[in-house]
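Contents: one structure, followed by commentary.
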Amino acid sequence: MDKYNPKFIEPKWQKLWEEKPDLYAADNDSQEEKRFILDMFPYPSGEGLHTGHVESYTATDIVSRYFRMKGKNVLHPQGWDAFGLPAENYAIKTKIHPEKTTKTAIHNFKRQMNMMGFAYDWSRELNSSDPEYYKWTQWFFLLLYKNGLAYKKKAKVNWCDSCKTVLANEQVEDGKCERCKNPVRQKDLEQWFFKITDFIENKLFASRTRATNAGHTNEKSGKTYTSGLLSGLDKIDWPESTKMLQRNWIGRSEGATVKFKIVSAEPSPVRSTGHTLPITGEEEYLEVFTTRLDTIYGCNYAVVAPEHKIIDDYKSQITNYDEVRKYLESVKGKSDLDRMEAKIKTGVEIKGLKVINPFTNEELPLYAADYVLSQYGTGAVMAVPAHDERDWEFAKKYNLPINQTIEPCFITINGLDKVREDQPFVERDSITAIVKHWKEESYIVLKWKQVDWKTFITGGPENDQSFEEAARSEVLEETGYKNLKLIRELPRYHSQFYHIPKKLNRFAHMRVFYFKLENDEHQDISDIDKERHEVVWVSENDIEKMLTPEAHKYVWKVLKDGEKVFTSDGVLIDSDEYSGLTSEEAREKMAEWLEKNNLGARKVNYKLRDWLVSRQRYWGAPIPIIYCEKCGTVPVPEEDLPVKLPTDVDFLPTGESPLKYSKSFQNVKCPVCGGKATRESDTMDTFVCSSWYYFRYADPKNEKEFADKELIKKWLPVDLYVGGAEHSVLHLLYARFFTKVLHNLGYIDFDEPFLKLRHQGIILSEDGRKMSKSLGNVVNPDDEVKKWGADSLRIFEMFMGPLEDAKPWNTKGIVGVYRFLEKVYKLAKAVRIEANGSKSGINKKLDSLVHKTIKKVTEDIEAMRFNTAISQLMIFTNELDKEKEIPITNYQLLITLLSPFAPHLSEELWNSLGNKDSVFKEKWPEYDPELVKDEEIELVLQVNGKVRDRIKADADLSEEEAKKIVLASEKVRAHISGKEIKKVIFVKGRLVNIVI
RNA sequence: GGUUCAGUGGUGGAAUUGGUAUACACGCGACACUUAAAAUGUCGUGCCUAAAAGGCAUGUGGGUUCGAGUCCCACCUGAACCACCA
């Protein structure tokens with residue numbers, strides 16, 4: 001055998017490995033430290049593995065093999081997310097039962113995985129469509145049901161006409177079905193939900209009896225809790241982008257509810273029911289939710305969602321009820337997509353009703369409009385057209401008044417970014433600017449005056465007259481303006497307001513005075529650069545830079561378009577006693593006032609809604625619920641699980657679950673009274689199956705529990721989880737929810753399932769587009785393995801670039817990897833068997849490279865930087881190739897380091913060297929930190945930062961010696977001749993830089 | 001529209017986190033072996049310049065620094081996700 005022949009080597013070792021389970025099996029009894037390394041279990045489609053699967057599975061395979069060689073007890077299982085719509089749709093088309101197609105697909109997937117040499121512990125294989133598995137999915141449903149976390153409710157839900165089923169909010173993209181891209185309709189249906197919203201914030205521990213030491217203890221209250229879906233994100237090692245997506249999806253927003261008194265335009269209100277108003281105090285109010293309480297003085301009307309109950313409740317008082325009704329009808333038929341796409345806001349005034357702003361006591365008109373969502377907040381909003389874009393659009397269309405109550409602050413303090421930590425003050429202690437007022441035809445002079453540091457931190461005198469006078473006289477000096485009227489002075493502590501970088505906050509101690517400039521005087525401003533932006537800065541040329549980016553854009557818009565909404569925080573104006581406060585301060589004070597007067601309260605709202613889990617489809621786990629004529633909703637007793645999927649069904653979707661038409665399935669006896677009853681015919685969303693599967697790997701055959709408590713303790717949580725970023729909200733959020741439920745009920749003592757998460761980037765086709773069958777640009781792993789072998793494909797996919805990046809496939813690239821493996825193979829010929837073990841020290845340079853390579857490969861695997869690990873192995877191989885004779889220790893080391901990447905070749909070479917045991921039984925090598933260091937380095941000689949010469953030198957050369965060397969260099973001398981040396985910078989082991 | 005990330009040779013990508021820019025690989029070119037091709041091997045390969053010396057180069061323009069691909073500001077381009085959530 002002198003030619004590298006993966007076709008022969010690879011199947012040979014795959015067969016031999018199969019016979020040695022200790023190479024890949026997880027040991028329940030081992031005392032070694034555990035590592036649970038997990039791939040997202042795939043949906044076994046008929047297409048087989050694609051390049052993306054190969055990429056992420058190779059990554060986890062490398063890490064698993066590495067940790068095993070490190071002596072860790074590794075759990076690296078694989079399974080099948082087998083339920084789901086594609087299999088069912090395929091069954092509808094071909095009339096072949098999904099169980100059968102799934103089985104075939106799994107068989108093919110498994111073949112391909114073995115072909116790739118993935119070392120999975122197949123003894124723990126699981127399949128979510130197996131009754132032994134979904135028995136426990138049903139058990140989880142009952143667990144949630146019994147703890148009040150699963151409920152059935154009639155609600156507006158997303159309905160896909162093409163899939164003929166309801167969808168979770170998470171499965172609707174752009175108003176379309178995630179799967180078939182059909183527009184989603186809103187439908188009123190009774191459906192099952194999981195109370196995922198209960199776990200957004202930290203939750204008090206539900207079960208004290210079961211818990212041993214589970215749960216976190218709050219230091220202040222001493223209470224034990226489960227960390228919420230939000231706060232839990234802070235403690236796990238996940239990509240920041242993924243955490244962001246989850247936070248955005250949960251969409252927490254802090255605000256307040258405000259009660260607007262409802263008054264009737266007509267004096268004798270009679271309700272539809274015949275009662276006179278008011279019945280109770282409660283009903284007199286329209287409750288709205290807002291995050292911008294500070295803008296309430298600018299509220300000019302209120303809007304309710306078309307579905308809001310106020311319309312029914314006050315039917316008789318609405319004088320234009322017919323018109324309102326007509327509008328509601330026109331909106332009803334619209335899908336979410338239509339509503340979103342409609343660029344122009346529509347609505348109708350509800351005449352006969354008015355609401356009263358509790359702050360101003362103004363009577364305001366009420367509207368119904370579909371830009372207000374009934375499901376969010378209270379389904380009603382206070383409209384502030386001056387400071388909210390939607391309200392502004394609406395007000396423009398219906399010609400409603402617009403009152404500005406927030407004043408933008410335009411200025412940031414110039415030069416702050418140049419201030420260093422050791423300089424306590426800004427260079428300039430006073431800045432003057434003139435701004436054209438955004439609304440009026442007048443100019444405002446702004447004067448910044450620095451408050452000294454001590455006064456600033458102690459608070460200092462609030463209304464320091466002399467300070468104002470000083471400011472005034474400075475303005476006079478600089479501009480000659482006399483008629484300055486002080487409009488307001490900004491409060492002092494508003495660094496956030498100036499948009500100053502956080503680290504510079506402590507420099508933001510300036511007081512700002514607003515002076516209004518009388519009109520006659522502003523005529524004299526001679527240097528107005530009207531062409532440019534009609535904003536003139538007087539005291540500095542570069543003062544324009546003081547504008548915050550946001551304000552800069554804003555000023556532009558105002559001046560160009562005449563008017564524009566200002567939606568950011570600012571300072572309040574025309575708001576009674578709140579005027580002059582910043583938005584943040586005002587929100588705080590106004591909320592206090594509301595609570596004191598019982599007219600509202602602080603409130604937190606979320607975008608996340610409860611998870612809709614029922615589906616009107618066949619290929620899923622049946623919901624274990626029975627409806628009895630007498631007893632009502634009855635959960636299936638645990639001992640009767642699993643509720644098996646019937647086989648006597650027609651798959652054709654009708655809009656009702658196919659299970660409804662199975663007589664054998666539908667008709668049952670009530671488990672409580674034995675009377676006539678029917679089964680729930682809906683199945684569960686497949687994401688329910690995948691929300692708990694990782695627990696099952698700990699104990700996949702258990703018939704009494706979803707997994708043994710001790711085994712869960714042994715193996716979980718998952719140490720490393722790798723999968724696509726497309727699951728960032730769906731699967732990953734649901735799985736966290738399930739884990740938190742188990743924790744809260746005392747089943748487990750951790751509340752986050754996946755400690756470390758990484759995504760693999762998509763592999764694009766060679767043309768940079770997504771691989772797809774219709775484009776005909778799909779790379780099939782089977783073909784590549786046939787051409788190059790699995791080892792080449794594995795390494796190539798890892799070598800292409802960082803794991804998480806999107807990378808285009810390059811057909812020609814794989815040959816380089818093949819050549820590399822071939823070179824490693826051929827090196828065997830040059831191996832010298834030493835008489836007396838390793839004889840290091842002969843070739844110091846090579847020894848150093850050996851240890852550098854161990855270090856680099858080890859660190860890169862741990863950090864999952866496989867591309868650079870492989871590059872280092874290539875450098876090492878190239879270096880060995882230059883030697884006439886290769887010491888066997890060096891060669892064995894190369895094979896050991898290569899083995900996680902190219903298991904087949906490594907095993908073959910290891911065996912050919914006369915080793916009887918597997919290379920994977922070998923201990924992962926350690927490096928000697930002393931040998932990693934270079935004894936001799938190339939000292940870089942720079943003049944003014946430019947490289948002029950390189951000289952070989954001792955690694956721990958002293959500064960004195962280095963200086964001598966520099967000055968001895970002719971090239972350096974040529975550049976410094978005749979000039980004075982100002983400074984010499986010395987970086988040990990690297991460079992000397994001469995500054996002239 | 002918003003948020004986030006990115007932009008380095010002909011290509012995929014490196015760069016010890018502020019210290020020799022372009023490691024490793026593909027591709028390309030020359031040469032060797034061969035009747036020839038493939039395979040393999042050797043050498044070369046950012047741009048300007050015949051070459052050396054030198055200069056210019058990390059999307060563009062500024063800034064900080066002895067020194068910037070890396071830090072700061074603005075702009076341009078691209079990608080991903082979210083999008084009436086008050």
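Ordered as shown in the structure tokens, chains take letters A, B, and onward, while each chain numbers its residues from 1 and ligands are numbered from 1 in the order shown.
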Within 9 Å of chain A, which residues of chain B come that close, and what is the closest atom pair and distance in Å for each? Count only C-alpha atoms (C1' of nucleotides) and give it as a tab-separated table.
```
residue	atom	partner	partner_atom	distance
B:U4	C1'	A:Ser241	CA	6.9
B:C5	C1'	A:Ser241	CA	8.6
B:U11	C1'	A:Asn810	CA	8.9
B:G12	C1'	A:Met800	CA	6.0
B:G13	C1'	A:Gly801	CA	6.2
B:A14	C1'	A:Thr868	CA	7.7
B:G19	C1'	A:Leu991	CA	7.2
B:U20	C1'	A:Val940	CA	6.4
B:A23	C1'	A:Ser871	CA	8.2
B:C24	C1'	A:Ser871	CA	4.6
B:A25	C1'	A:Gly816	CA	6.3
B:C26	C1'	A:Gly813	CA	5.2
B:G27	C1'	A:Lys812	CA	8.8
B:G63	C1'	A:Lys418	CA	9.0
B:U64	C1'	A:Lys418	CA	7.3
B:C66	C1'	A:Val995	CA	5.8
B:G67	C1'	A:Gly945	CA	4.8
B:C72	C1'	A:Asp417	CA	7.1
B:C81	C1'	A:Leu245	CA	7.6
B:C82	C1'	A:Asn248	CA	8.0
B:A83	C1'	A:Asp174	CA	8.5
B:C84	C1'	A:Tyr371	CA	5.6
B:C85	C1'	A:Lys607	CA	5.7
B:A86	C1'	A:Thr290	CA	5.6
```
Which residues are near B:G9? Cut-off 10 Å, only C-alpha atoms (C1' of nucleotides), ignore same chain within fewer than 2 positions. Put them as a PDB file with N, CA and C atoms (P, O5', C5', C4', C3', O3' and C1' of nucleotides), in the first residue's frame.
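Here's the written file around_21.pdb:
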```
ATOM      1  P     U B  11     -10.458  38.431  -5.352  1.00  0.00           P
ATOM      2  O5'   U B  11     -10.699  36.879  -5.170  1.00  0.00           O
ATOM      3  C5'   U B  11     -11.879  36.257  -5.668  1.00  0.00           C
ATOM      4  C4'   U B  11     -11.960  34.838  -5.163  1.00  0.00           C
ATOM      5  C3'   U B  11     -11.965  34.687  -3.652  1.00  0.00           C
ATOM      6  O3'   U B  11     -13.250  34.911  -3.089  1.00  0.00           O
ATOM      7  C1'   U B  11     -10.415  33.165  -4.558  1.00  0.00           C
ATOM      8  P     U B  22       3.095  39.634   5.743  1.00  0.00           P
ATOM      9  O5'   U B  22       1.757  39.070   5.127  1.00  0.00           O
ATOM     10  C5'   U B  22       0.945  38.119   5.857  1.00  0.00           C
ATOM     11  C4'   U B  22      -0.273  37.803   5.037  1.00  0.00           C
ATOM     12  C3'   U B  22       0.024  37.096   3.737  1.00  0.00           C
ATOM     13  O3'   U B  22       0.008  35.689   3.959  1.00  0.00           O
ATOM     14  C1'   U B  22      -1.557  38.884   3.437  1.00  0.00           C
ATOM     15  P     U B  45       7.754  35.721  -4.532  1.00  0.00           P
ATOM     16  O5'   U B  45       6.302  35.970  -5.130  1.00  0.00           O
ATOM     17  C5'   U B  45       6.115  36.825  -6.253  1.00  0.00           C
ATOM     18  C4'   U B  45       4.692  36.710  -6.752  1.00  0.00           C
ATOM     19  C3'   U B  45       3.623  36.870  -5.677  1.00  0.00           C
ATOM     20  O3'   U B  45       3.382  38.236  -5.423  1.00  0.00           O
ATOM     21  C1'   U B  45       3.095  35.015  -7.042  1.00  0.00           C
ATOM     22  P     G B  46       3.340  38.742  -3.920  1.00  0.00           P
ATOM     23  O5'   G B  46       2.061  39.708  -3.998  1.00  0.00           O
ATOM     24  C5'   G B  46       0.790  39.171  -4.330  1.00  0.00           C
ATOM     25  C4'   G B  46      -0.196  40.301  -4.464  1.00  0.00           C
ATOM     26  C3'   G B  46       0.273  41.448  -5.355  1.00  0.00           C
ATOM     27  O3'   G B  46      -0.060  41.199  -6.707  1.00  0.00           O
ATOM     28  C1'   G B  46      -0.452  42.318  -3.271  1.00  0.00           C
ATOM     29  P     C B  47       0.914  41.737  -7.836  1.00  0.00           P
ATOM     30  O5'   C B  47       0.657  43.311  -7.812  1.00  0.00           O
ATOM     31  C5'   C B  47      -0.605  43.845  -8.209  1.00  0.00           C
ATOM     32  C4'   C B  47      -0.606  45.341  -8.025  1.00  0.00           C
ATOM     33  C3'   C B  47       0.531  46.076  -8.720  1.00  0.00           C
ATOM     34  O3'   C B  47       0.252  46.311 -10.080  1.00  0.00           O
ATOM     35  C1'   C B  47       0.365  46.852  -6.497  1.00  0.00           C
TER      36        C B  47
END
```
Would you pick out the contacts of A:Ala386 at 7 Å or less, using only C-alpha atoms (C1' of nucleotides), so that residues sharing its chain but fewer than 3 positions from it are not included, and give the list as an NGL selection string? :A and (298 or 392 or 402-404 or 565-566)
List as a ChimeraX atom specification the protein and nucleic acid residues near stretch 639-648 of chain A, meaning an atom at most 10 Å away when only C-alpha atoms (C1' of nucleotides) are counted, but skip any in the same chain fewer than 6 places from it. /A:97,99,129-139,618-625,658-659,661-666,671,679,683,704
Limited to N, CA, C and O atoms, could you put the picked residues into a file as a CSV table (one decimal), in the first residue's frame?
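Final output, part-v2.csv:
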```csv
chain,number,residue,atom,x,y,z
A,97,HIS,N,-47.5,5.7,4.0
A,97,HIS,CA,-47.6,6.2,5.4
A,97,HIS,C,-46.3,6.8,5.8
A,97,HIS,O,-45.2,6.4,5.6
A,99,GLU,N,-44.8,6.9,8.5
A,99,GLU,CA,-43.9,6.1,9.3
A,99,GLU,C,-42.9,5.3,8.5
A,99,GLU,O,-41.7,5.2,8.8
A,129,SER,N,-41.0,10.1,16.9
A,129,SER,CA,-42.3,9.5,16.4
A,129,SER,C,-42.5,8.1,17.0
A,129,SER,O,-43.5,7.4,16.7
A,130,ASP,N,-41.5,7.6,17.8
A,130,ASP,CA,-41.7,6.3,18.4
A,130,ASP,C,-42.6,6.4,19.6
A,130,ASP,O,-42.4,7.3,20.5
A,131,PRO,N,-43.6,5.6,19.7
A,131,PRO,CA,-44.5,5.7,20.9
A,131,PRO,C,-43.8,5.7,22.2
A,131,PRO,O,-44.2,6.3,23.2
A,132,GLU,N,-42.7,4.9,22.3
A,132,GLU,CA,-41.9,4.9,23.5
A,132,GLU,C,-41.3,6.3,23.9
A,132,GLU,O,-41.0,6.6,25.0
A,133,TYR,N,-41.1,7.1,22.8
A,133,TYR,CA,-40.7,8.5,23.0
A,133,TYR,C,-41.9,9.4,23.3
A,133,TYR,O,-41.9,10.1,24.3
A,134,TYR,N,-42.9,9.4,22.4
A,134,TYR,CA,-43.9,10.4,22.5
A,134,TYR,C,-44.8,10.1,23.7
A,134,TYR,O,-45.6,11.0,24.1
A,135,LYS,N,-44.7,8.9,24.3
A,135,LYS,CA,-45.4,8.7,25.5
A,135,LYS,C,-44.9,9.8,26.5
A,135,LYS,O,-45.7,10.3,27.3
A,136,TRP,N,-43.7,10.1,26.5
A,136,TRP,CA,-43.2,11.1,27.5
A,136,TRP,C,-43.4,12.5,27.0
A,136,TRP,O,-43.6,13.4,27.8
A,137,THR,N,-43.6,12.7,25.7
A,137,THR,CA,-44.0,14.0,25.2
A,137,THR,C,-45.4,14.3,25.8
A,137,THR,O,-45.7,15.4,26.3
A,138,GLN,N,-46.2,13.3,25.8
A,138,GLN,CA,-47.6,13.4,26.3
A,138,GLN,C,-47.5,13.6,27.8
A,138,GLN,O,-48.3,14.3,28.4
A,139,TRP,N,-46.6,12.9,28.4
A,139,TRP,CA,-46.5,13.0,29.9
A,139,TRP,C,-46.1,14.5,30.2
A,139,TRP,O,-46.7,15.1,31.2
A,618,TYR,N,-52.0,15.1,11.3
A,618,TYR,CA,-51.9,13.7,11.7
A,618,TYR,C,-50.6,13.4,12.3
A,618,TYR,O,-50.5,12.8,13.4
A,619,TRP,N,-49.5,13.7,11.6
A,619,TRP,CA,-48.2,13.2,12.0
A,619,TRP,C,-47.5,14.0,13.1
A,619,TRP,O,-46.6,14.8,13.0
A,620,GLY,N,-48.1,13.8,14.3
A,620,GLY,CA,-47.6,14.4,15.5
A,620,GLY,C,-48.0,13.6,16.7
A,620,GLY,O,-48.8,12.6,16.6
A,621,ALA,N,-47.6,14.0,17.9
A,621,ALA,CA,-48.0,13.3,19.1
A,621,ALA,C,-49.4,13.7,19.5
A,621,ALA,O,-49.6,14.9,19.7
A,622,PRO,N,-50.3,12.8,19.7
A,622,PRO,CA,-51.7,13.2,20.1
A,622,PRO,C,-51.7,13.8,21.5
A,622,PRO,O,-50.9,13.5,22.4
A,623,ILE,N,-52.6,14.8,21.6
A,623,ILE,CA,-52.7,15.5,22.9
A,623,ILE,C,-53.5,14.5,23.9
A,623,ILE,O,-54.6,14.1,23.5
A,624,PRO,N,-53.0,14.2,25.0
A,624,PRO,CA,-53.6,13.2,25.9
A,624,PRO,C,-54.7,13.7,26.7
A,624,PRO,O,-54.6,13.8,28.0
A,625,ILE,N,-55.8,14.1,26.1
A,625,ILE,CA,-56.9,14.7,26.8
A,625,ILE,C,-58.2,14.0,26.3
A,625,ILE,O,-58.3,13.7,25.1
A,658,PRO,N,-57.1,14.9,11.2
A,658,PRO,CA,-57.5,13.6,10.6
A,658,PRO,C,-57.9,12.6,11.7
A,658,PRO,O,-58.6,11.6,11.4
A,659,LEU,N,-57.4,12.8,12.9
A,659,LEU,CA,-57.7,11.8,14.0
A,659,LEU,C,-59.1,11.8,14.3
A,659,LEU,O,-59.6,10.8,14.8
A,661,TYR,N,-61.5,11.4,12.4
A,661,TYR,CA,-62.2,10.5,11.5
A,661,TYR,C,-61.8,9.0,11.8
A,661,TYR,O,-62.2,8.1,11.1
A,662,SER,N,-61.0,8.8,12.8
A,662,SER,CA,-60.6,7.5,13.2
A,662,SER,C,-61.5,7.0,14.3
A,662,SER,O,-61.4,7.6,15.4
A,663,LYS,N,-62.4,6.1,14.0
A,663,LYS,CA,-63.4,5.7,15.1
A,663,LYS,C,-62.7,5.0,16.2
A,663,LYS,O,-63.0,5.2,17.4
A,664,SER,N,-61.7,4.2,15.9
A,664,SER,CA,-61.0,3.5,16.9
A,664,SER,C,-60.3,4.5,17.9
A,664,SER,O,-60.1,4.2,19.1
A,665,PHE,N,-60.0,5.6,17.4
A,665,PHE,CA,-59.2,6.6,18.2
A,665,PHE,C,-60.2,7.5,19.0
A,665,PHE,O,-60.0,7.7,20.2
A,666,GLN,N,-61.2,7.9,18.3
A,666,GLN,CA,-62.1,9.0,18.8
A,666,GLN,C,-62.9,8.5,20.0
A,666,GLN,O,-62.9,9.2,21.0
A,671,PRO,N,-62.1,8.1,31.7
A,671,PRO,CA,-61.3,7.5,32.7
A,671,PRO,C,-61.8,7.7,34.2
A,671,PRO,O,-61.4,7.0,35.1
A,679,ARG,N,-61.9,11.6,22.4
A,679,ARG,CA,-60.5,12.1,22.6
A,679,ARG,C,-60.3,13.4,22.0
A,679,ARG,O,-60.9,13.7,21.0
A,683,THR,N,-53.1,17.2,17.4
A,683,THR,CA,-51.8,16.7,17.8
A,683,THR,C,-50.9,17.9,18.3
A,683,THR,O,-51.4,19.0,18.1
A,704,LYS,N,-40.2,4.1,33.1
A,704,LYS,CA,-40.9,4.7,34.2
A,704,LYS,C,-40.9,6.2,34.3
A,704,LYS,O,-41.8,6.8,34.9
```
Check the DSSP output for the backbone and give back, as a ChimeraX atom specification, the residues of stretch 344-398 of chain A in helix (DSSP H, G or I). /A:389-398
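Across the model, the gap from atom CA of A:Phe141 to atom CA of A:Glu629 is 22.0 Å.
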